[in-house]
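To be precise, the following lines are query17.csv, and they hold CSV, C-alpha atoms.
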```csv
chain,number,residue,atom,x,y,z
A,1,MET,CA,7.1,12.9,-11.8
A,2,PRO,CA,9.7,15.5,-12.6
A,3,LYS,CA,8.4,18.8,-13.9
A,4,ARG,CA,9.4,20.2,-17.2
A,5,LEU,CA,11.1,23.5,-17.3
A,6,PRO,CA,8.1,25.6,-18.5
A,7,ASP,CA,6.0,24.1,-15.7
A,8,THR,CA,8.4,25.4,-13.2
A,9,ILE,CA,7.9,28.9,-14.5
A,10,ALA,CA,4.2,28.9,-15.2
A,11,PRO,CA,1.5,26.3,-15.9
A,12,SER,CA,1.6,24.8,-19.4
A,13,TRP,CA,-1.9,25.9,-20.2
A,14,LEU,CA,-0.9,29.5,-19.4
A,15,VAL,CA,2.2,29.3,-21.7
A,16,VAL,CA,0.0,28.0,-24.5
A,17,GLN,CA,-2.6,30.8,-24.0
A,18,LEU,CA,0.2,33.4,-24.0
A,19,LEU,CA,1.8,32.1,-27.2
A,20,GLY,CA,-1.5,31.8,-28.9
A,21,THR,CA,-2.5,35.3,-28.0
A,22,LEU,CA,0.9,36.6,-29.3
A,23,PHE,CA,0.4,34.8,-32.6
A,24,PHE,CA,-3.2,36.1,-32.8
A,25,ALA,CA,-2.1,39.7,-32.2
A,26,ALA,CA,0.8,39.4,-34.7
A,27,THR,CA,-1.6,38.1,-37.4
A,28,LEU,CA,-4.0,41.0,-36.8
A,29,LEU,CA,-1.2,43.6,-36.8
A,30,THR,CA,0.1,42.3,-40.2
A,31,ALA,CA,-3.3,42.0,-41.8
A,32,ARG,CA,-3.8,44.2,-44.9
A,33,GLU,CA,-7.5,43.9,-45.4
A,34,ALA,CA,-9.4,46.8,-47.1
A,35,ASP,CA,-12.9,45.6,-46.6
A,36,PRO,CA,-14.3,47.0,-43.3
A,37,ARG,CA,-16.7,44.0,-43.0
A,38,ILE,CA,-13.7,41.7,-42.8
A,39,TRP,CA,-12.3,43.8,-40.0
A,40,THR,CA,-15.6,43.6,-38.2
A,41,ALA,CA,-15.4,39.8,-38.4
A,42,TYR,CA,-11.8,40.0,-37.1
A,43,GLY,CA,-13.0,42.2,-34.2
A,44,VAL,CA,-15.7,39.6,-33.2
A,45,THR,CA,-13.1,36.8,-33.6
A,46,SER,CA,-10.6,38.7,-31.3
A,47,ALA,CA,-13.3,39.2,-28.7
A,48,CYS,CA,-14.2,35.5,-28.7
A,49,TRP,CA,-10.5,34.7,-28.4
A,50,LEU,CA,-10.0,37.0,-25.4
A,51,GLY,CA,-13.2,35.6,-23.8
A,52,PHE,CA,-11.7,32.1,-24.3
A,53,VAL,CA,-8.5,33.1,-22.6
A,54,LEU,CA,-10.2,34.7,-19.6
A,55,LEU,CA,-12.8,31.9,-19.1
A,56,ALA,CA,-10.7,28.8,-19.8
A,57,PRO,CA,-9.5,28.3,-16.2
A,58,ARG,CA,-13.0,28.7,-14.6
A,59,ARG,CA,-15.6,27.8,-17.2
A,60,PRO,CA,-13.9,25.4,-19.7
A,61,LYS,CA,-17.2,24.5,-21.6
A,62,THR,CA,-18.1,28.2,-22.3
A,63,ALA,CA,-14.5,28.9,-23.2
A,64,ALA,CA,-14.5,26.0,-25.7
A,65,ALA,CA,-17.6,27.3,-27.3
A,66,LEU,CA,-16.0,30.7,-27.8
A,67,LEU,CA,-13.0,29.1,-29.2
A,68,ALA,CA,-15.1,27.2,-31.7
A,69,VAL,CA,-16.7,30.5,-32.9
A,70,THR,CA,-13.1,32.0,-33.1
A,71,SER,CA,-12.1,29.2,-35.5
A,72,ALA,CA,-15.4,29.1,-37.5
A,73,LEU,CA,-15.8,32.9,-38.2
A,74,PRO,CA,-12.5,33.4,-40.1
A,75,ALA,CA,-13.0,30.1,-42.0
A,76,ALA,CA,-16.4,31.4,-43.2
A,77,ILE,CA,-14.7,34.6,-44.8
A,78,VAL,CA,-11.4,33.1,-45.9
A,79,GLY,CA,-12.4,33.1,-49.5
A,80,TRP,CA,-12.9,36.9,-49.5
A,81,ALA,CA,-9.9,37.8,-47.4
A,82,GLY,CA,-7.2,39.6,-49.3
A,83,ASP,CA,-4.3,37.9,-47.5
A,84,SER,CA,-3.7,34.8,-45.4
A,85,SER,CA,-4.8,36.5,-42.1
A,86,ALA,CA,-8.2,34.8,-42.0
A,87,ILE,CA,-6.8,31.3,-42.4
A,88,LEU,CA,-4.1,31.9,-39.8
A,89,LEU,CA,-6.6,33.1,-37.3
A,90,SER,CA,-8.8,30.0,-38.0
A,91,VAL,CA,-6.0,27.5,-37.7
A,92,ILE,CA,-4.6,29.1,-34.5
A,93,ALA,CA,-8.0,28.7,-32.9
A,94,LEU,CA,-8.7,25.3,-34.4
A,95,GLY,CA,-5.4,24.0,-33.3
A,96,ARG,CA,-5.9,25.2,-29.8
A,97,LEU,CA,-9.4,23.7,-29.7
A,98,ALA,CA,-8.0,20.3,-30.7
A,99,THR,CA,-5.7,20.4,-27.6
A,100,LEU,CA,-8.5,20.9,-25.1
A,101,THR,CA,-9.1,18.0,-22.8
A,102,SER,CA,-12.4,19.4,-21.6
A,103,VAL,CA,-13.9,18.7,-25.0
A,104,GLY,CA,-14.4,15.2,-26.4
A,105,VAL,CA,-12.6,14.0,-29.5
A,106,GLY,CA,-15.9,13.7,-31.4
A,107,THR,CA,-16.8,17.3,-30.7
A,108,ILE,CA,-13.3,18.5,-31.9
A,109,LEU,CA,-13.6,16.5,-35.1
A,110,GLY,CA,-17.1,17.8,-35.7
A,111,PHE,CA,-15.9,21.5,-35.3
A,112,GLY,CA,-12.9,20.7,-37.5
A,113,LEU,CA,-15.1,19.3,-40.3
A,114,LEU,CA,-17.4,22.3,-39.9
A,115,ASP,CA,-14.5,24.7,-40.4
A,116,VAL,CA,-13.3,22.8,-43.4
A,117,ALA,CA,-16.8,22.9,-44.9
A,118,LEU,CA,-17.1,26.7,-44.2
A,119,ALA,CA,-13.6,27.3,-45.8
A,120,VAL,CA,-14.5,25.2,-48.9
A,121,THR,CA,-17.8,27.0,-49.3
A,122,SER,CA,-16.2,30.4,-48.8
A,123,HIS,CA,-13.6,29.7,-51.5
A,124,ALA,CA,-16.2,28.3,-53.9
A,125,LEU,CA,-18.5,31.3,-53.5
A,126,ALA,CA,-15.6,33.7,-53.9
A,127,GLY,CA,-14.5,32.0,-57.1
A,128,GLN,CA,-11.1,30.8,-55.9
A,129,SER,CA,-9.1,28.3,-57.8
A,130,LEU,CA,-9.3,24.5,-56.9
A,131,GLY,CA,-5.7,24.5,-55.5
A,132,GLN,CA,-6.5,27.4,-53.1
A,133,THR,CA,-9.9,25.8,-52.2
A,134,LEU,CA,-8.2,22.6,-51.2
A,135,ALA,CA,-5.0,24.1,-49.6
A,136,ASP,CA,-6.7,25.8,-46.7
A,137,PRO,CA,-8.8,22.8,-45.6
A,138,ALA,CA,-5.7,20.7,-45.8
A,139,VAL,CA,-3.9,23.0,-43.4
A,140,MET,CA,-6.9,22.9,-41.1
A,141,LEU,CA,-7.0,19.1,-41.0
A,142,LEU,CA,-3.2,19.1,-40.3
A,143,LEU,CA,-3.6,21.5,-37.4
A,144,VAL,CA,-6.5,19.4,-36.0
A,145,LEU,CA,-4.3,16.2,-36.1
A,146,LEU,CA,-1.4,18.0,-34.5
A,147,GLY,CA,-3.7,19.4,-31.8
A,148,LEU,CA,-5.2,15.9,-31.1
A,149,ASN,CA,-1.7,14.5,-30.8
A,150,ARG,CA,-0.9,17.2,-28.2
A,151,ARG,CA,-4.3,16.5,-26.5
A,152,GLN,CA,-3.5,12.8,-26.2
A,153,TYR,CA,-0.2,13.6,-24.6
A,154,GLU,CA,-2.0,15.8,-22.0
A,155,VAL,CA,-4.5,13.1,-21.3
A,156,GLN,CA,-1.8,10.5,-20.8
A,157,ALA,CA,0.1,12.9,-18.5
A,158,THR,CA,-3.0,13.5,-16.4
A,159,GLN,CA,-3.7,9.8,-16.2
A,160,ALA,CA,-0.1,9.2,-15.2
A,161,ARG,CA,-0.3,11.7,-12.4
A,162,ALA,CA,-3.6,10.2,-11.2
A,163,LEU,CA,-2.1,6.7,-11.3
A,164,LEU,CA,1.0,8.0,-9.4
A,165,GLU,CA,-1.2,9.5,-6.8
A,166,GLN,CA,-3.3,6.3,-6.4
A,167,THR,CA,-0.1,4.3,-6.2
A,168,ARG,CA,1.2,6.6,-3.5
A,169,LEU,CA,-2.1,6.3,-1.5
A,170,ALA,CA,-2.1,2.6,-1.9
A,171,GLN,CA,1.5,2.3,-0.7
A,172,ALA,CA,0.7,4.6,2.3
A,173,GLU,CA,-2.4,2.4,3.1
A,174,HIS,CA,-0.3,-0.8,2.7
A,175,ALA,CA,2.3,0.6,5.1
A,176,ARG,CA,-0.4,1.6,7.6
A,177,ALA,CA,-1.9,-1.9,7.4
A,178,ALA,CA,1.5,-3.5,7.8
A,179,ALA,CA,2.2,-1.3,10.9
A,180,LEU,CA,-1.2,-2.3,12.4
A,181,ASP,CA,-0.5,-5.9,11.7
A,182,GLU,CA,2.9,-5.7,13.3
A,183,ARG,CA,1.4,-4.0,16.4
A,184,THR,CA,-1.2,-6.8,16.6
A,185,ARG,CA,1.5,-9.4,16.4
A,186,ILE,CA,3.6,-7.8,19.1
A,187,ALA,CA,0.5,-7.4,21.4
A,188,ARG,CA,-0.4,-11.1,20.8
A,189,GLU,CA,3.1,-12.3,21.5
A,190,LEU,CA,3.6,-10.2,24.6
A,191,HIS,CA,0.2,-11.4,25.9
A,192,ASP,CA,1.2,-15.0,25.4
A,193,VAL,CA,4.6,-14.5,27.0
A,194,LEU,CA,3.1,-12.7,30.0
A,195,ALA,CA,0.3,-15.2,30.4
A,196,HIS,CA,2.8,-18.0,30.6
A,197,SER,CA,5.2,-16.2,32.9
A,198,LEU,CA,2.5,-14.9,35.3
A,199,GLY,CA,0.8,-18.4,35.3
A,200,ALA,CA,4.1,-20.0,36.4
A,201,LEU,CA,4.7,-17.2,38.9
A,202,GLY,CA,1.2,-17.7,40.4
A,203,VAL,CA,1.9,-21.4,40.9
A,204,GLN,CA,5.2,-20.7,42.8
A,205,LEU,CA,3.5,-18.1,45.0
A,206,GLU,CA,0.7,-20.4,45.8
A,207,LEU,CA,3.3,-23.0,46.7
A,208,ALA,CA,5.1,-20.5,48.9
A,209,GLU,CA,1.8,-19.6,50.7
A,210,ALA,CA,1.0,-23.3,51.2
A,211,LEU,CA,4.4,-24.0,52.7
A,212,LEU,CA,4.1,-21.1,55.1
A,213,THR,CA,0.5,-21.6,56.2
A,214,GLU,CA,0.2,-25.3,56.2
A,215,ARG,CA,3.7,-26.6,56.9
A,216,SER,CA,5.4,-23.6,58.4
A,217,ASP,CA,8.3,-24.5,56.1
A,218,VAL,CA,10.1,-21.2,55.9
A,219,ASP,CA,13.1,-22.5,54.0
A,220,GLY,CA,10.8,-24.1,51.3
A,221,ALA,CA,8.8,-20.9,51.1
A,222,VAL,CA,12.0,-18.9,50.6
A,223,ARG,CA,13.1,-21.3,47.8
A,224,SER,CA,9.7,-20.9,46.1
A,225,VAL,CA,9.9,-17.1,46.4
A,226,ARG,CA,13.4,-17.2,44.9
A,227,ARG,CA,12.0,-19.3,42.0
A,228,SER,CA,9.3,-16.7,41.6
A,229,ARG,CA,11.8,-13.9,41.3
A,230,ARG,CA,13.7,-16.0,38.8
A,231,LEU,CA,10.5,-16.6,36.8
A,232,ALA,CA,9.7,-12.9,36.8
A,233,ALA,CA,13.2,-12.2,35.4
A,234,ASP,CA,12.7,-15.0,32.8
A,235,GLY,CA,9.4,-13.5,31.9
A,236,LEU,CA,11.0,-10.2,31.1
A,237,ALA,CA,13.7,-12.0,29.1
A,238,GLU,CA,11.0,-13.9,27.2
A,239,ALA,CA,9.2,-10.7,26.4
A,240,ARG,CA,12.4,-9.3,25.0
A,241,ASP,CA,12.9,-12.5,23.0
A,242,ALA,CA,9.3,-12.1,21.5
A,243,VAL,CA,10.0,-8.6,20.4
A,244,ALA,CA,13.4,-9.6,19.0
A,245,ALA,CA,11.7,-12.5,17.1
A,246,LEU,CA,9.3,-10.0,15.5
A,247,ARG,CA,12.3,-8.0,14.5
A,248,ARG,CA,13.8,-11.2,13.0
A,249,ASP,CA,16.6,-11.2,15.5
A,250,VAL,CA,15.6,-14.3,17.5
A,251,ARG,CA,18.0,-16.9,18.9
A,252,PRO,CA,18.0,-20.3,17.1
A,253,LEU,CA,14.9,-22.4,17.9
A,254,THR,CA,16.9,-25.4,19.1
A,255,GLU,CA,18.9,-23.3,21.5
A,256,THR,CA,15.8,-21.5,22.9
A,257,LEU,CA,13.9,-24.8,23.4
A,258,ALA,CA,17.0,-26.4,25.1
A,259,ALA,CA,17.2,-23.4,27.5
A,260,ALA,CA,13.5,-23.6,28.3
A,261,ALA,CA,13.8,-27.4,29.0
A,262,ALA,CA,16.8,-26.7,31.3
A,263,ALA,CA,15.0,-24.0,33.2
A,264,HIS,CA,11.9,-26.2,33.7
A,265,ALA,CA,14.1,-29.1,35.0
A,266,ARG,CA,15.9,-26.7,37.4
A,267,ASP,CA,12.7,-25.1,38.7
A,268,HIS,CA,10.6,-28.3,39.1
A,269,HIS,CA,13.4,-30.8,40.1
A,270,VAL,CA,12.5,-33.1,37.3
A,271,THR,CA,14.2,-34.5,34.2
A,272,VAL,CA,13.4,-32.8,30.9
A,273,ALA,CA,14.9,-34.8,28.0
A,274,PHE,CA,15.3,-32.6,24.9
A,275,ASP,CA,16.7,-33.6,21.5
A,276,ALA,CA,16.5,-32.3,18.0
A,277,GLY,CA,16.6,-34.3,14.8
A,278,GLY,CA,16.7,-33.8,11.1
A,279,GLU,CA,18.3,-31.1,9.0
A,280,ILE,CA,17.9,-27.8,10.8
A,281,ARG,CA,16.7,-24.9,8.6
A,282,PRO,CA,15.4,-21.4,9.2
A,283,LEU,CA,11.7,-20.8,9.8
A,284,PRO,CA,9.6,-17.7,9.6
A,285,SER,CA,9.7,-15.6,12.8
A,286,ALA,CA,6.0,-16.1,13.4
A,287,ALA,CA,6.5,-19.9,13.4
A,288,VAL,CA,9.5,-19.7,15.7
A,289,VAL,CA,7.7,-17.6,18.2
A,290,ALA,CA,4.7,-19.9,18.1
A,291,LEU,CA,6.7,-23.0,18.7
A,292,ILE,CA,8.6,-21.4,21.6
A,293,GLY,CA,5.3,-20.3,23.2
A,294,ILE,CA,3.8,-23.8,22.8
A,295,ALA,CA,6.9,-25.5,24.4
A,296,ARG,CA,6.7,-23.1,27.4
A,297,GLU,CA,3.0,-23.5,27.7
A,298,ALA,CA,3.3,-27.3,27.6
A,299,LEU,CA,6.1,-27.3,30.2
A,300,THR,CA,4.0,-25.0,32.5
A,301,ASN,CA,1.0,-27.3,32.2
A,302,ALA,CA,3.2,-30.3,33.0
A,303,GLY,CA,4.5,-28.6,36.1
A,304,LYS,CA,1.0,-27.6,37.1
A,305,HIS,CA,-1.0,-30.7,36.4
A,306,ALA,CA,1.6,-33.4,36.6
A,307,PRO,CA,4.1,-32.2,39.3
A,308,GLY,CA,7.1,-34.4,39.7
A,309,GLU,CA,6.7,-36.1,36.4
A,310,ASP,CA,9.6,-36.1,33.9
A,311,VAL,CA,9.1,-34.5,30.5
A,312,ARG,CA,10.3,-35.5,27.0
A,313,MET,CA,10.5,-32.9,24.3
A,314,ARG,CA,11.7,-33.5,20.7
A,315,LEU,CA,12.1,-31.1,17.8
A,316,SER,CA,12.2,-32.9,14.4
A,317,HIS,CA,12.8,-31.4,11.0
A,318,ALA,CA,11.2,-33.6,8.4
A,319,PRO,CA,10.8,-32.8,4.7
A,320,GLY,CA,8.4,-29.9,4.4
A,321,VAL,CA,7.4,-29.9,8.1
A,322,VAL,CA,8.8,-29.2,11.5
A,323,ARG,CA,7.3,-31.0,14.5
A,324,LEU,CA,7.5,-30.2,18.2
A,325,ASP,CA,6.5,-33.1,20.4
A,326,VAL,CA,6.2,-32.6,24.2
A,327,ARG,CA,5.1,-35.6,26.4
A,328,ASN,CA,4.8,-36.1,30.1
A,329,ALA,CA,3.3,-38.9,32.2
A,330,LEU,CA,-0.4,-38.4,33.3
A,331,GLY,CA,-0.4,-37.0,36.8
A,332,PRO,CA,-3.2,-37.0,39.4
A,333,LEU,CA,-4.1,-33.4,38.4
A,334,THR,CA,-4.0,-33.8,34.7
A,335,ARG,CA,-7.2,-32.6,33.0
A,336,THR,CA,-8.5,-34.0,29.7
A,337,GLY,CA,-9.7,-30.6,28.5
A,338,GLU,CA,-7.6,-27.8,27.0
A,339,GLY,CA,-7.0,-24.6,28.8
A,340,PHE,CA,-6.9,-21.1,27.5
A,341,GLY,CA,-3.1,-21.3,27.1
A,342,LEU,CA,-3.0,-24.1,24.5
A,343,ALA,CA,-6.1,-22.8,22.9
A,344,GLY,CA,-4.4,-19.4,22.3
A,345,MET,CA,-1.3,-21.3,21.1
A,346,ARG,CA,-3.4,-23.2,18.6
A,347,GLU,CA,-4.7,-19.9,17.2
A,348,ARG,CA,-1.2,-18.5,17.0
A,349,LEU,CA,0.1,-21.6,15.3
A,350,ALA,CA,-2.8,-21.4,12.8
A,351,LEU,CA,-1.7,-17.9,11.8
A,352,ALA,CA,1.7,-19.3,11.0
A,353,GLY,CA,0.1,-22.1,8.9
A,354,GLY,CA,0.6,-24.8,11.5
A,355,THR,CA,-1.6,-27.2,13.5
A,356,LEU,CA,-1.6,-28.2,17.2
A,357,THR,CA,-3.1,-31.4,18.8
A,358,SER,CA,-3.0,-32.3,22.5
A,359,GLY,CA,-4.5,-35.1,24.6
A,360,PRO,CA,-3.7,-38.4,26.4
A,361,GLU,CA,-1.8,-41.0,24.4
A,362,ASP,CA,-0.3,-44.3,25.7
A,363,GLY,CA,-0.4,-43.2,29.3
A,364,ASP,CA,1.2,-39.8,28.5
A,365,TRP,CA,-0.1,-36.3,27.9
A,366,ARG,CA,1.1,-35.3,24.5
A,367,VAL,CA,1.3,-31.9,22.8
A,368,LEU,CA,2.2,-32.1,19.1
A,369,ALA,CA,2.8,-28.9,17.0
A,370,GLU,CA,3.5,-28.9,13.3
A,371,VAL,CA,4.5,-26.0,11.0
A,372,PRO,CA,5.4,-26.1,7.4
A,373,GLY,CA,9.1,-25.6,6.7
```

Show the structure stored in the file as structure tokens.
Amino acid sequence: MPKRLPDTIAPSWLVVQLLGTLFFAATLLTAREADPRIWTAYGVTSACWLGFVLLAPRRPKTAAALLAVTSALPAAIVGWAGDSSAILLSVIALGRLATLTSVGVGTILGFGLLDVALAVTSHALAGQSLGQTLADPAVMLLLVLLGLNRRQYEVQATQARALLEQTRLAQAEHARAAALDERTRIARELHDVLAHSLGALGVQLELAEALLTERSDVDGAVRSVRRSRRLAADGLAEARDAVAALRRDVRPLTETLAAAAAAHARDHHVTVAFDAGGEIRPLPSAAVVALIGIAREALTNAGKHAPGEDVRMRLSHAPGVVRLDVRNALGPLTRTGEGFGLAGMRERLALAGGTLTSGPEDGDWRVLAEVPG
């Protein structure tokens, strides 16, 4: 909220106090009262005003009480004052009292009515005319209304500053929560990618060990080690793709799935038939990363539990839903249960609003993922 010019020099309350004090002093200096009792009342009024000025920043309630006395005492003697000094002192104090936010509106109105009653009584006891009797209370009520209007502005300004601060804090907390959520997503994606890559790498290293220890097939072991090295490189590339997806800079889903199918076919010497159907449309990055992870996990499971079996993978875009269907023939090592990989993928897909089912169907092992889109 931009500051007004007076606020850049001094606080607004200090400016008001200074101006009020100057008006107060000018009124006393121009007073022409002959009765020493009136000057005694003016002295007490001045002391109360100075007490208000000094105590207002630290003890606002006490300062408000002194200000009420400052306004009431001149109002009580206004009928006997020889000039307008008494009414000026009263309305200065009363107007300032009406602007205080530390005092309730009811209290301000109560003191205002008290001052009006004192002024009317003073005029009546001094034998003043009806016009003079009504004029001073009218001025008092006008100053009270003007002060309350200023007070309402101060209250609204304070509320606006508090609301602005709350909004700033809420935005900072929202940004912090978004950053934590993004970190969680990145950690989850990297975990899934590394679990897939290291799982496939472990299979190849076990194969290389078996070829060396059981068959003494050095050439086959070398090929397996080379595939392991390629898998490690692919794992790093997949990790980069996951981070790129979270930054909304991911490759097209169809292209990525086709590359994964080709890599599996090359590494496992099987046929992986991949096709895509329907009208291709963009998906949220969370859904894209989840579908890519499911496809890779399904291919890994196929190579582990049904070695040598061909795989069929289809991506279809139907109205309102995108489906990924991965099938392979049941192999001798196929398990009917679900491992941690697909279970984790199921959770990831649920966060993107999708579902995952897997199990035997018509002699095949089928993994079916669906996301809205």

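Here CA of Thr27 (chain A) and CA of Val120 (chain A) stand 21.6 Å from one another.
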
- Item | Selection: 9 Å around region 371-373 of chain A, only C-alpha atoms, excl. self and same-chain fewer than 4 positions, as a list in words | Arg281, Pro282, Leu283, Pro284, Ala287, Leu291, His317, Ala318, Pro319, Gly320, Val321, Val322, Arg323, Leu324, Leu349, Ala350, Ala352, Gly353, Gly354, Thr355 and Leu356 of chain A

List the spatial neighbours of Tyr153 (chain A) as an mmCIF file with C-alpha atoms, keeping the file's coordinate frame - criterion: any atom at most 12 Å away, only C-alpha atoms, same-chain residues fewer than 5 positions off excluded.
```cif
data_model
loop_
_atom_site.group_PDB
_atom_site.id
_atom_site.type_symbol
_atom_site.label_atom_id
_atom_site.label_comp_id
_atom_site.auth_asym_id
_atom_site.auth_seq_id
_atom_site.Cartn_x
_atom_site.Cartn_y
_atom_site.Cartn_z
ATOM 1 C CA ALA A 98 -8.000 20.300 -30.700
ATOM 2 C CA THR A 99 -5.700 20.400 -27.600
ATOM 3 C CA LEU A 100 -8.500 20.900 -25.100
ATOM 4 C CA THR A 101 -9.100 18.000 -22.800
ATOM 5 C CA LEU A 146 -1.400 18.000 -34.500
ATOM 6 C CA GLY A 147 -3.700 19.400 -31.800
ATOM 7 C CA LEU A 148 -5.200 15.900 -31.100
ATOM 8 C CA THR A 158 -3.000 13.500 -16.400
ATOM 9 C CA GLN A 159 -3.700 9.800 -16.200
ATOM 10 C CA ALA A 160 -0.100 9.200 -15.200
#
```

- All residues 12 Å or closer to region 17-21 of chain A, only C-alpha atoms, same chain fewer than 6 positions away omitted, as a list in words: Ala10, Pro11, Thr27, Leu28, Ser46, Ala47, Cys48, Trp49, Leu50, Gly51, Phe52, Val53, Leu54, Leu55, Ala56, Pro57, Leu67, Leu88, Leu89, Ser90, Val91, Ile92, Ala93, Leu94, Gly95, Arg96, Leu97, Thr99 and Leu100 of chain A

- Expressed in Å to a single decimal, how great is the separation between CA of Arg37 (chain A) and CA of Ala126 (chain A)?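 Atom-to-atom, CA of Arg37 (chain A) and CA of Ala126 (chain A) are spaced 15.0 Å apart.
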
- Query: Which distance in Å separates CA of Ala175 (chain A) and CA of Ala187 (chain A), to one decimal?
  - Reply: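 We find that CA of Ala175 (chain A) and CA of Ala187 (chain A) lie 18.2 Å from each other.
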
- Using all atoms listed in the file, give me every residue within 10 Å of (-18.6, 30.3, -40.3) in file coordinates, as a ChimeraX atom specification. /A:68-78,114-119,121-122

- Find, counting only C-alpha atoms, the residue in A:Gln156, A:Leu198, A:Arg366, A:Ser102 that gets nearest to Arg59 (chain A).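 Under the stated criterion, the closest residue is A:Ser102.
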